[in-house]
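Colleague: So here's upload21.pdb, just PDB, C-alpha atoms:
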ATOM      1  CA  MET T  72       7.878 -13.559 -22.368  1.00  0.00           C
ATOM      2  CA  ALA T  73       6.733 -16.262 -19.955  1.00  0.00           C
ATOM      3  CA  ILE T  74       3.250 -17.729 -20.088  1.00  0.00           C
ATOM      4  CA  ALA T  75       1.080 -16.803 -17.097  1.00  0.00           C
ATOM      5  CA  THR T  76       0.619 -19.632 -14.642  1.00  0.00           C
ATOM      6  CA  ARG T  77      -0.812 -17.938 -11.536  1.00  0.00           C
ATOM      7  CA  THR T  78      -3.859 -15.697 -11.462  1.00  0.00           C
ATOM      8  CA  MET T  79      -3.458 -12.369  -9.702  1.00  0.00           C
ATOM      9  CA  THR T  80      -5.915  -9.782  -8.418  1.00  0.00           C
ATOM     10  CA  ASP T  81      -5.516  -6.040  -8.949  1.00  0.00           C
ATOM     11  CA  GLU T  82      -4.664  -5.655  -5.261  1.00  0.00           C
ATOM     12  CA  GLN T  83      -1.882  -8.236  -5.597  1.00  0.00           C
ATOM     13  CA  ARG T  84      -0.479  -6.395  -8.615  1.00  0.00           C
ATOM     14  CA  LYS T  85      -0.699  -3.149  -6.654  1.00  0.00           C
ATOM     15  CA  SER T  86       1.238  -4.728  -3.761  1.00  0.00           C
ATOM     16  CA  VAL T  87       4.058  -5.779  -6.126  1.00  0.00           C
ATOM     17  CA  ALA T  88       4.243  -2.253  -7.591  1.00  0.00           C
ATOM     18  CA  LEU T  89       4.266  -0.722  -4.088  1.00  0.00           C
ATOM     19  CA  GLU T  90       7.035  -3.085  -2.995  1.00  0.00           C
ATOM     20  CA  TYR T  91       9.086  -1.924  -6.003  1.00  0.00           C
ATOM     21  CA  LEU T  92       8.557   1.780  -5.237  1.00  0.00           C
ATOM     22  CA  LYS T  93       9.337   1.301  -1.551  1.00  0.00           C
ATOM     23  CA  ALA T  94      12.480  -0.678  -2.428  1.00  0.00           C
ATOM     24  CA  PHE T  95      13.589   2.162  -4.714  1.00  0.00           C
ATOM     25  CA  ASP T  96      13.137   4.544  -1.759  1.00  0.00           C
ATOM     26  CA  ASN T  97      15.186   2.120   0.349  1.00  0.00           C
ATOM     27  CA  ALA T  98      18.296   2.097  -1.907  1.00  0.00           C
ATOM     28  CA  GLY T  99      17.146  -1.013  -3.785  1.00  0.00           C
ATOM     29  CA  THR T 100      16.336  -3.207  -0.790  1.00  0.00           C
ATOM     30  CA  THR T 101      12.908  -4.824  -0.448  1.00  0.00           C
ATOM     31  CA  SER T 102      10.927  -5.093   2.773  1.00  0.00           C
ATOM     32  CA  THR T 103      12.259  -8.650   3.219  1.00  0.00           C
ATOM     33  CA  GLY T 104      15.885  -7.563   2.744  1.00  0.00           C
ATOM     34  CA  GLY T 105      16.166  -8.811  -0.835  1.00  0.00           C
ATOM     35  CA  SER T 106      17.215  -6.994  -3.969  1.00  0.00           C
ATOM     36  CA  ILE T 107      14.796  -4.874  -5.979  1.00  0.00           C
ATOM     37  CA  LEU T 108      15.780  -7.099  -8.915  1.00  0.00           C
ATOM     38  CA  ASP T 109      14.052 -10.043  -7.187  1.00  0.00           C
ATOM     39  CA  LEU T 110      10.761  -8.327  -8.073  1.00  0.00           C
ATOM     40  CA  PHE T 111      11.430  -8.688 -11.821  1.00  0.00           C
ATOM     41  CA  ALA T 112      11.033 -11.559 -14.263  1.00  0.00           C
ATOM     42  CA  ASP T 113      14.305 -12.679 -15.843  1.00  0.00           C
ATOM     43  CA  ASP T 114      13.305 -11.198 -19.223  1.00  0.00           C
ATOM     44  CA  ALA T 115      11.620  -8.041 -17.862  1.00  0.00           C
ATOM     45  CA  GLN T 116      11.986  -4.637 -19.462  1.00  0.00           C
ATOM     46  CA  VAL T 117      12.353  -1.212 -17.827  1.00  0.00           C
ATOM     47  CA  MET T 118      12.343   2.088 -19.709  1.00  0.00           C
ATOM     48  CA  PHE T 119      13.661   5.297 -18.156  1.00  0.00           C
ATOM     49  CA  PRO T 120      13.792   8.652 -19.996  1.00  0.00           C
ATOM     50  CA  LYS T 121      17.235   9.624 -21.284  1.00  0.00           C
ATOM     51  CA  TRP T 122      18.541   6.127 -20.413  1.00  0.00           C
ATOM     52  CA  GLY T 123      16.443   3.985 -22.731  1.00  0.00           C
ATOM     53  CA  LEU T 124      15.173   0.427 -22.598  1.00  0.00           C
ATOM     54  CA  ALA T 125      16.805  -2.139 -20.316  1.00  0.00           C
ATOM     55  CA  THR T 126      16.001  -5.792 -20.997  1.00  0.00           C
ATOM     56  CA  GLY T 127      16.794  -8.528 -18.480  1.00  0.00           C
ATOM     57  CA  LYS T 128      17.956  -8.272 -14.899  1.00  0.00           C
ATOM     58  CA  ASP T 129      21.574  -7.419 -15.785  1.00  0.00           C
ATOM     59  CA  GLU T 130      20.588  -4.383 -17.883  1.00  0.00           C
ATOM     60  CA  ILE T 131      17.901  -3.364 -15.379  1.00  0.00           C
ATOM     61  CA  GLY T 132      20.524  -3.548 -12.633  1.00  0.00           C
ATOM     62  CA  GLN T 133      22.804  -1.294 -14.706  1.00  0.00           C
ATOM     63  CA  LEU T 134      19.964   1.193 -15.290  1.00  0.00           C
ATOM     64  CA  PHE T 135      19.199   1.318 -11.549  1.00  0.00           C
ATOM     65  CA  THR T 136      22.924   1.679 -10.735  1.00  0.00           C
ATOM     66  CA  ASP T 137      23.282   4.533 -13.219  1.00  0.00           C
ATOM     67  CA  ILE T 138      20.153   6.378 -12.083  1.00  0.00           C
ATOM     68  CA  GLY T 139      20.527   5.541  -8.402  1.00  0.00           C
ATOM     69  CA  GLY T 140      24.135   6.732  -8.487  1.00  0.00           C
ATOM     70  CA  THR T 141      22.879  10.265  -9.146  1.00  0.00           C
ATOM     71  CA  LEU T 142      20.451  10.222  -6.189  1.00  0.00           C
ATOM     72  CA  SER T 143      21.320  10.452  -2.522  1.00  0.00           C
ATOM     73  CA  SER T 144      17.671  10.073  -1.512  1.00  0.00           C
ATOM     74  CA  ILE T 145      14.191   9.670  -2.950  1.00  0.00           C
ATOM     75  CA  GLN T 146      10.798   9.423  -1.282  1.00  0.00           C
ATOM     76  CA  HIS T 147       7.604   8.621  -3.139  1.00  0.00           C
ATOM     77  CA  HIS T 148       4.399  10.120  -1.707  1.00  0.00           C
ATOM     78  CA  TYR T 149       2.315   6.946  -1.339  1.00  0.00           C
ATOM     79  CA  ALA T 150      -0.792   8.650   0.040  1.00  0.00           C
ATOM     80  CA  GLU T 151      -1.120  10.696  -3.149  1.00  0.00           C
ATOM     81  CA  PHE T 152      -0.930   7.843  -5.664  1.00  0.00           C
ATOM     82  CA  SER T 153      -3.609   7.403  -8.305  1.00  0.00           C
ATOM     83  CA  TRP T 154      -4.033   3.806  -9.453  1.00  0.00           C
ATOM     84  CA  ILE T 155      -5.553   2.686 -12.752  1.00  0.00           C
ATOM     85  CA  PHE T 156      -6.363  -0.991 -13.214  1.00  0.00           C
ATOM     86  CA  SER T 157      -6.885  -2.252 -16.735  1.00  0.00           C
ATOM     87  CA  GLY T 158      -8.603  -5.559 -16.066  1.00  0.00           C
ATOM     88  CA  SER T 159      -5.431  -7.256 -17.333  1.00  0.00           C
ATOM     89  CA  ASP T 160      -1.812  -7.517 -16.183  1.00  0.00           C
ATOM     90  CA  VAL T 161      -1.297  -3.779 -16.777  1.00  0.00           C
ATOM     91  CA  VAL T 162      -1.412  -1.373 -13.820  1.00  0.00           C
ATOM     92  CA  VAL T 163      -0.714   2.356 -14.025  1.00  0.00           C
ATOM     93  CA  VAL T 164       0.287   4.481 -11.053  1.00  0.00           C
ATOM     94  CA  GLU T 165       0.667   8.247 -11.076  1.00  0.00           C
ATOM     95  CA  GLY T 166       2.323  10.008  -8.198  1.00  0.00           C
ATOM     96  CA  THR T 167       4.732  12.524  -6.755  1.00  0.00           C
ATOM     97  CA  SER T 168       8.104  12.391  -5.044  1.00  0.00           C
ATOM     98  CA  HIS T 169      10.872  14.454  -3.494  1.00  0.00           C
ATOM     99  CA  GLY T 170      14.534  13.837  -2.885  1.00  0.00           C
ATOM    100  CA  GLU T 171      18.124  14.844  -3.409  1.00  0.00           C
ATOM    101  CA  HIS T 172      19.888  14.547  -6.767  1.00  0.00           C
ATOM    102  CA  GLU T 173      23.607  15.197  -7.275  1.00  0.00           C
ATOM    103  CA  ASP T 174      22.571  18.475  -8.964  1.00  0.00           C
ATOM    104  CA  GLY T 175      20.307  19.541  -6.110  1.00  0.00           C
ATOM    105  CA  PRO T 176      17.012  18.799  -4.344  1.00  0.00           C
ATOM    106  CA  TRP T 177      13.567  18.422  -5.876  1.00  0.00           C
ATOM    107  CA  ARG T 178      10.018  18.305  -4.587  1.00  0.00           C
ATOM    108  CA  ALA T 179       6.896  17.848  -6.671  1.00  0.00           C
ATOM    109  CA  GLY T 180       5.159  21.187  -7.145  1.00  0.00           C
ATOM    110  CA  VAL T 181       8.166  23.290  -6.074  1.00  0.00           C
ATOM    111  CA  PRO T 182       8.298  24.923  -8.566  1.00  0.00           C
ATOM    112  CA  GLU T 183       5.109  23.742 -10.230  1.00  0.00           C
ATOM    113  CA  TRP T 184       6.909  22.986 -13.510  1.00  0.00           C
ATOM    114  CA  GLY T 185       9.755  21.090 -11.825  1.00  0.00           C
ATOM    115  CA  ALA T 186      10.492  17.414 -11.352  1.00  0.00           C
ATOM    116  CA  GLY T 187       8.700  15.130  -8.968  1.00  0.00           C
ATOM    117  CA  ARG T 188       5.538  14.212 -10.888  1.00  0.00           C
ATOM    118  CA  TRP T 189       5.734  10.822 -12.562  1.00  0.00           C
ATOM    119  CA  CYS T 190       3.725   7.974 -14.017  1.00  0.00           C
ATOM    120  CA  ASP T 191       4.743   4.295 -14.152  1.00  0.00           C
ATOM    121  CA  VAL T 192       3.121   1.696 -16.374  1.00  0.00           C
ATOM    122  CA  PHE T 193       3.608  -1.821 -15.022  1.00  0.00           C
ATOM    123  CA  GLU T 194       2.860  -5.219 -16.460  1.00  0.00           C
ATOM    124  CA  ILE T 195       2.785  -7.615 -13.518  1.00  0.00           C
ATOM    125  CA  ARG T 196       2.214 -11.331 -13.964  1.00  0.00           C
ATOM    126  CA  ASP T 197       2.997 -14.352 -11.782  1.00  0.00           C
ATOM    127  CA  PHE T 198       3.877 -11.945  -8.933  1.00  0.00           C
ATOM    128  CA  LEU T 199       6.776 -10.507 -10.941  1.00  0.00           C
ATOM    129  CA  ILE T 200       7.207  -7.259 -12.844  1.00  0.00           C
ATOM    130  CA  GLN T 201       7.376  -8.097 -16.536  1.00  0.00           C
ATOM    131  CA  ARG T 202       7.558  -4.485 -17.723  1.00  0.00           C
ATOM    132  CA  CYS T 203       7.904  -1.078 -16.081  1.00  0.00           C
ATOM    133  CA  PHE T 204       7.939   2.026 -18.247  1.00  0.00           C
ATOM    134  CA  ILE T 205       8.745   5.136 -16.207  1.00  0.00           C
ATOM    135  CA  TYR T 206       7.549   8.529 -17.406  1.00  0.00           C
ATOM    136  CA  LEU T 207       9.037  11.576 -15.666  1.00  0.00           C
ATOM    137  CA  ASP T 208      11.299  14.573 -16.129  1.00  0.00           C
ATOM    138  CA  PRO T 209      14.813  13.291 -15.352  1.00  0.00           C
ATOM    139  CA  ASP T 210      16.037  16.870 -14.788  1.00  0.00           C
ATOM    140  CA  TYR T 211      15.495  16.479 -11.060  1.00  0.00           C
ATOM    141  CA  ALA T 212      17.203  19.722 -10.001  1.00  0.00           C
ATOM    142  CA  GLY T 213      15.504  21.838 -12.701  1.00  0.00           C
ATOM    143  CA  LYS T 214      18.762  23.016 -14.275  1.00  0.00           C
ATOM    144  CA  ASP T 215      17.693  22.531 -17.917  1.00  0.00           C
ATOM    145  CA  THR T 216      15.926  25.890 -18.213  1.00  0.00           C
ATOM    146  CA  ALA T 217      17.849  27.589 -21.044  1.00  0.00           C
ATOM    147  CA  ARG T 218      16.048  25.522 -23.696  1.00  0.00           C
ATOM    148  CA  TYR T 219      12.594  26.499 -22.383  1.00  0.00           C
ATOM    149  CA  PRO T 220      12.095  30.278 -22.604  1.00  0.00           C
ATOM    150  CA  TRP T 221       8.781  30.243 -20.726  1.00  0.00           C
ATOM    151  CA  LEU T 222      10.619  29.134 -17.585  1.00  0.00           C
ATOM    152  CA  SER T 223      12.498  32.441 -17.401  1.00  0.00           C
ATOM    153  CA  GLN T 224       9.302  34.474 -17.853  1.00  0.00           C
ATOM    154  CA  GLY T 225       7.409  35.403 -14.831  1.00  0.00           C
TER
END
Here is the file; what I need is its structure written in the form of structure tokens.
Modeller:
Amino acid sequence: MAIATRTMTDEQRKSVALEYLKAFDNAGTTSTGGSILDLFADDAQVMFPKWGLATGKDEIGQLFTDIGGTLSSIQHHYAEFSWIFSGSDVVVVEGTSHGEHEDGPWRAGVPEWGAGRWCDVFEIRDFLIQRCFIYLDPDYAGKDTARYPWLSQG
């Protein structure tokens, strides 16, 4: 983990997190035409449910390739984000999304129990993402219903 050398405001951390989310919506390309990986520190970590923990840009790139390869589109709903600032390098954002997965489409709230609601915990320092832990239901198309009997009730 690198030692912090540049002070950042909460709004600057928020702008880095937004750039990441918008790049994910844009097939991994940032607003300046760079790679989403440019937003990460060399020793950053990303955690995604059912994939695990990726450490370093090579593993993070593999995680994004694996996950992104199952999606034909994704759109985060920026206007609905809730931001939590910790007074440190940690920023939490909760939001919704919709898109198209290889197993089918999803939209937050349709159905209410389905995919599309998520929460990301970022650690952003020196204008780079040091850590991003992603919390969501990776069953985008809502096909994993047999294991949850309450989903067939209604």
Colleague: Report, in Å with one decimal, the straight-line distance from CA of Gly127 (chain T) to CA of His148 (chain T).
Modeller: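 For CA of Gly127 (chain T) relative to CA of His148 (chain T), the distance reads 28.0 Å.
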Colleague: Write out as number ranges by chain which residues come within 6 Å of Ser144 (chain T) when counting only C-alpha atoms, dropping same-chain ones fewer than 2 positions away.
Modeller: T: 142, 170-171
Colleague: Please put the answer as AutoDock Vina command-line options: centre and edge lengths, in Å with one decimal, of a box along x, y and z that encloses all listed atoms of region 98-108 of chain T plus 3 Å on each side.
Modeller:
--center_x 14.6 --center_y -3.4 --center_z -2.8 --size_x 13.4 --size_y 16.9 --size_z 18.1
Colleague: Can you list, as an MDAnalysis selection string, the residues that the PyMOL selection byres ((chain T and resi 159) around 10) selects here?
Modeller: chainID T and resid 79:81 156:158 160:162 194:196
Colleague: From the list T:Gly187, T:Thr136, T:Asp174, T:Ser143, which residue is nearest Asp215 (chain T) when using all atoms listed in the file?
Modeller: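 Closest to Asp215 (chain T), using all atoms listed in the file: T:Asp174.
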Colleague: Using all atoms listed in the file, which residue out of T:Ala212, T:Phe204, T:Asn97, T:Leu199 lies closest to Pro182 (chain T)?
Modeller: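 Of T:Ala212, T:Phe204, T:Asn97, T:Leu199, the one nearest Pro182 (chain T), counting all atoms listed in the file, is T:Ala212.
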Colleague: CA of Gly139 (chain T) and CA of Leu207 (chain T) are how many Å apart?
Modeller: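 CA of Gly139 (chain T) sits 14.9 Å away from CA of Leu207 (chain T).
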Colleague: Put region 83-124 of chain T into a file with N, CA and C atoms, as a PDB file, in the first residue's frame.
Modeller:
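What ended up in out06.pdb:
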ATOM      1  N   GLN T  83     -13.477  15.319  -4.695  1.00  0.00           N
ATOM      2  CA  GLN T  83     -12.493  14.743  -5.607  1.00  0.00           C
ATOM      3  C   GLN T  83     -12.570  13.219  -5.587  1.00  0.00           C
ATOM      4  N   ARG T  84     -12.741  12.641  -4.407  1.00  0.00           N
ATOM      5  CA  ARG T  84     -12.903  11.189  -4.312  1.00  0.00           C
ATOM      6  C   ARG T  84     -14.174  10.759  -5.058  1.00  0.00           C
ATOM      7  N   LYS T  85     -15.235  11.518  -4.864  1.00  0.00           N
ATOM      8  CA  LYS T  85     -16.494  11.224  -5.550  1.00  0.00           C
ATOM      9  C   LYS T  85     -16.296  11.265  -7.068  1.00  0.00           C
ATOM     10  N   SER T  86     -15.533  12.224  -7.567  1.00  0.00           N
ATOM     11  CA  SER T  86     -15.324  12.337  -9.014  1.00  0.00           C
ATOM     12  C   SER T  86     -14.545  11.137  -9.555  1.00  0.00           C
ATOM     13  N   VAL T  87     -13.603  10.603  -8.781  1.00  0.00           N
ATOM     14  CA  VAL T  87     -12.872   9.405  -9.208  1.00  0.00           C
ATOM     15  C   VAL T  87     -13.826   8.210  -9.261  1.00  0.00           C
ATOM     16  N   ALA T  88     -14.653   8.049  -8.231  1.00  0.00           N
ATOM     17  CA  ALA T  88     -15.618   6.945  -8.199  1.00  0.00           C
ATOM     18  C   ALA T  88     -16.610   7.060  -9.361  1.00  0.00           C
ATOM     19  N   LEU T  89     -17.096   8.257  -9.635  1.00  0.00           N
ATOM     20  CA  LEU T  89     -18.015   8.461 -10.763  1.00  0.00           C
ATOM     21  C   LEU T  89     -17.351   8.133 -12.092  1.00  0.00           C
ATOM     22  N   GLU T  90     -16.099   8.527 -12.245  1.00  0.00           N
ATOM     23  CA  GLU T  90     -15.372   8.223 -13.483  1.00  0.00           C
ATOM     24  C   GLU T  90     -15.268   6.714 -13.675  1.00  0.00           C
ATOM     25  N   TYR T  91     -15.026   5.982 -12.597  1.00  0.00           N
ATOM     26  CA  TYR T  91     -14.977   4.515 -12.647  1.00  0.00           C
ATOM     27  C   TYR T  91     -16.329   3.944 -13.088  1.00  0.00           C
ATOM     28  N   LEU T  92     -17.409   4.369 -12.456  1.00  0.00           N
ATOM     29  CA  LEU T  92     -18.733   3.838 -12.788  1.00  0.00           C
ATOM     30  C   LEU T  92     -19.122   4.176 -14.223  1.00  0.00           C
ATOM     31  N   LYS T  93     -18.820   5.383 -14.656  1.00  0.00           N
ATOM     32  CA  LYS T  93     -19.128   5.772 -16.034  1.00  0.00           C
ATOM     33  C   LYS T  93     -18.276   4.997 -17.028  1.00  0.00           C
ATOM     34  N   ALA T  94     -17.016   4.721 -16.676  1.00  0.00           N
ATOM     35  CA  ALA T  94     -16.162   3.915 -17.555  1.00  0.00           C
ATOM     36  C   ALA T  94     -16.704   2.495 -17.657  1.00  0.00           C
ATOM     37  N   PHE T  95     -17.197   1.945 -16.537  1.00  0.00           N
ATOM     38  CA  PHE T  95     -17.780   0.604 -16.581  1.00  0.00           C
ATOM     39  C   PHE T  95     -18.980   0.597 -17.524  1.00  0.00           C
ATOM     40  N   ASP T  96     -19.788   1.643 -17.495  1.00  0.00           N
ATOM     41  CA  ASP T  96     -20.935   1.758 -18.405  1.00  0.00           C
ATOM     42  C   ASP T  96     -20.501   1.923 -19.858  1.00  0.00           C
ATOM     43  N   ASN T  97     -19.257   2.381 -20.052  1.00  0.00           N
ATOM     44  CA  ASN T  97     -18.734   2.656 -21.384  1.00  0.00           C
ATOM     45  C   ASN T  97     -17.717   1.588 -21.793  1.00  0.00           C
ATOM     46  N   ALA T  98     -17.998   0.324 -21.442  1.00  0.00           N
ATOM     47  CA  ALA T  98     -17.168  -0.823 -21.836  1.00  0.00           C
ATOM     48  C   ALA T  98     -15.709  -0.680 -21.414  1.00  0.00           C
ATOM     49  N   GLY T  99     -15.472  -0.022 -20.274  1.00  0.00           N
ATOM     50  CA  GLY T  99     -14.120   0.064 -19.729  1.00  0.00           C
ATOM     51  C   GLY T  99     -13.288   1.231 -20.216  1.00  0.00           C
ATOM     52  N   THR T 100     -13.927   2.182 -20.892  1.00  0.00           N
ATOM     53  CA  THR T 100     -13.210   3.345 -21.414  1.00  0.00           C
ATOM     54  C   THR T 100     -13.584   4.585 -20.613  1.00  0.00           C
ATOM     55  N   THR T 101     -12.581   5.319 -20.154  1.00  0.00           N
ATOM     56  CA  THR T 101     -12.820   6.530 -19.367  1.00  0.00           C
ATOM     57  C   THR T 101     -13.244   7.688 -20.267  1.00  0.00           C
ATOM     58  N   SER T 102     -13.623   8.783 -19.640  1.00  0.00           N
ATOM     59  CA  SER T 102     -14.071   9.957 -20.393  1.00  0.00           C
ATOM     60  C   SER T 102     -12.954  10.567 -21.237  1.00  0.00           C
ATOM     61  N   THR T 103     -11.692  10.267 -20.904  1.00  0.00           N
ATOM     62  CA  THR T 103     -10.566  10.779 -21.684  1.00  0.00           C
ATOM     63  C   THR T 103     -10.065   9.761 -22.704  1.00  0.00           C
ATOM     64  N   GLY T 104     -10.762   8.616 -22.811  1.00  0.00           N
ATOM     65  CA  GLY T 104     -10.375   7.595 -23.777  1.00  0.00           C
ATOM     66  C   GLY T 104      -9.398   6.567 -23.236  1.00  0.00           C
ATOM     67  N   GLY T 105      -9.052   6.665 -21.967  1.00  0.00           N
ATOM     68  CA  GLY T 105      -8.127   5.712 -21.360  1.00  0.00           C
ATOM     69  C   GLY T 105      -8.838   4.463 -20.870  1.00  0.00           C
ATOM     70  N   SER T 106      -8.062   3.580 -20.287  1.00  0.00           N
ATOM     71  CA  SER T 106      -8.585   2.337 -19.739  1.00  0.00           C
ATOM     72  C   SER T 106      -9.089   2.555 -18.319  1.00  0.00           C
ATOM     73  N   ILE T 107     -10.136   1.831 -17.945  1.00  0.00           N
ATOM     74  CA  ILE T 107     -10.641   1.873 -16.587  1.00  0.00           C
ATOM     75  C   ILE T 107      -9.532   1.521 -15.590  1.00  0.00           C
ATOM     76  N   LEU T 108      -8.583   0.697 -16.019  1.00  0.00           N
ATOM     77  CA  LEU T 108      -7.482   0.307 -15.135  1.00  0.00           C
ATOM     78  C   LEU T 108      -6.574   1.473 -14.774  1.00  0.00           C
ATOM     79  N   ASP T 109      -6.583   2.537 -15.586  1.00  0.00           N
ATOM     80  CA  ASP T 109      -5.788   3.735 -15.280  1.00  0.00           C
ATOM     81  C   ASP T 109      -6.270   4.406 -14.002  1.00  0.00           C
ATOM     82  N   LEU T 110      -7.482   4.102 -13.563  1.00  0.00           N
ATOM     83  CA  LEU T 110      -8.051   4.716 -12.368  1.00  0.00           C
ATOM     84  C   LEU T 110      -7.594   4.020 -11.085  1.00  0.00           C
ATOM     85  N   PHE T 111      -6.851   2.913 -11.217  1.00  0.00           N
ATOM     86  CA  PHE T 111      -6.452   2.106 -10.075  1.00  0.00           C
ATOM     87  C   PHE T 111      -4.961   2.233  -9.770  1.00  0.00           C
ATOM     88  N   ALA T 112      -4.631   2.158  -8.476  1.00  0.00           N
ATOM     89  CA  ALA T 112      -3.243   2.040  -8.059  1.00  0.00           C
ATOM     90  C   ALA T 112      -2.718   0.681  -8.507  1.00  0.00           C
ATOM     91  N   ASP T 113      -1.419   0.562  -8.679  1.00  0.00           N
ATOM     92  CA  ASP T 113      -0.822  -0.687  -9.138  1.00  0.00           C
ATOM     93  C   ASP T 113      -1.145  -1.869  -8.226  1.00  0.00           C
ATOM     94  N   ASP T 114      -1.244  -1.614  -6.917  1.00  0.00           N
ATOM     95  CA  ASP T 114      -1.493  -2.692  -5.953  1.00  0.00           C
ATOM     96  C   ASP T 114      -2.928  -2.685  -5.423  1.00  0.00           C
ATOM     97  N   ALA T 115      -3.844  -2.105  -6.178  1.00  0.00           N
ATOM     98  CA  ALA T 115      -5.253  -2.000  -5.757  1.00  0.00           C
ATOM     99  C   ALA T 115      -5.890  -3.378  -5.628  1.00  0.00           C
ATOM    100  N   GLN T 116      -7.009  -3.401  -4.919  1.00  0.00           N
ATOM    101  CA  GLN T 116      -7.798  -4.617  -4.774  1.00  0.00           C
ATOM    102  C   GLN T 116      -9.245  -4.326  -5.157  1.00  0.00           C
ATOM    103  N   VAL T 117      -9.864  -5.304  -5.826  1.00  0.00           N
ATOM    104  CA  VAL T 117     -11.290  -5.253  -6.167  1.00  0.00           C
ATOM    105  C   VAL T 117     -11.898  -6.586  -5.768  1.00  0.00           C
ATOM    106  N   MET T 118     -13.042  -6.538  -5.090  1.00  0.00           N
ATOM    107  CA  MET T 118     -13.767  -7.745  -4.724  1.00  0.00           C
ATOM    108  C   MET T 118     -15.123  -7.712  -5.413  1.00  0.00           C
ATOM    109  N   PHE T 119     -15.468  -8.835  -6.044  1.00  0.00           N
ATOM    110  CA  PHE T 119     -16.764  -8.986  -6.706  1.00  0.00           C
ATOM    111  C   PHE T 119     -17.357 -10.314  -6.249  1.00  0.00           C
ATOM    112  N   PRO T 120     -18.637 -10.327  -5.847  1.00  0.00           N
ATOM    113  CA  PRO T 120     -19.262 -11.571  -5.388  1.00  0.00           C
ATOM    114  C   PRO T 120     -19.175 -12.686  -6.426  1.00  0.00           C
ATOM    115  N   LYS T 121     -18.905 -13.869  -5.955  1.00  0.00           N
ATOM    116  CA  LYS T 121     -18.786 -15.083  -6.762  1.00  0.00           C
ATOM    117  C   LYS T 121     -17.544 -15.090  -7.650  1.00  0.00           C
ATOM    118  N   TRP T 122     -16.759 -14.016  -7.648  1.00  0.00           N
ATOM    119  CA  TRP T 122     -15.465 -14.008  -8.345  1.00  0.00           C
ATOM    120  C   TRP T 122     -14.363 -14.062  -7.304  1.00  0.00           C
ATOM    121  N   GLY T 123     -14.452 -13.180  -6.312  1.00  0.00           N
ATOM    122  CA  GLY T 123     -13.449 -13.145  -5.254  1.00  0.00           C
ATOM    123  C   GLY T 123     -12.651 -11.862  -5.280  1.00  0.00           C
ATOM    124  N   LEU T 124     -11.461 -11.922  -4.716  1.00  0.00           N
ATOM    125  CA  LEU T 124     -10.603 -10.758  -4.549  1.00  0.00           C
ATOM    126  C   LEU T 124      -9.534 -10.726  -5.635  1.00  0.00           C
TER     127      LEU T 124
END
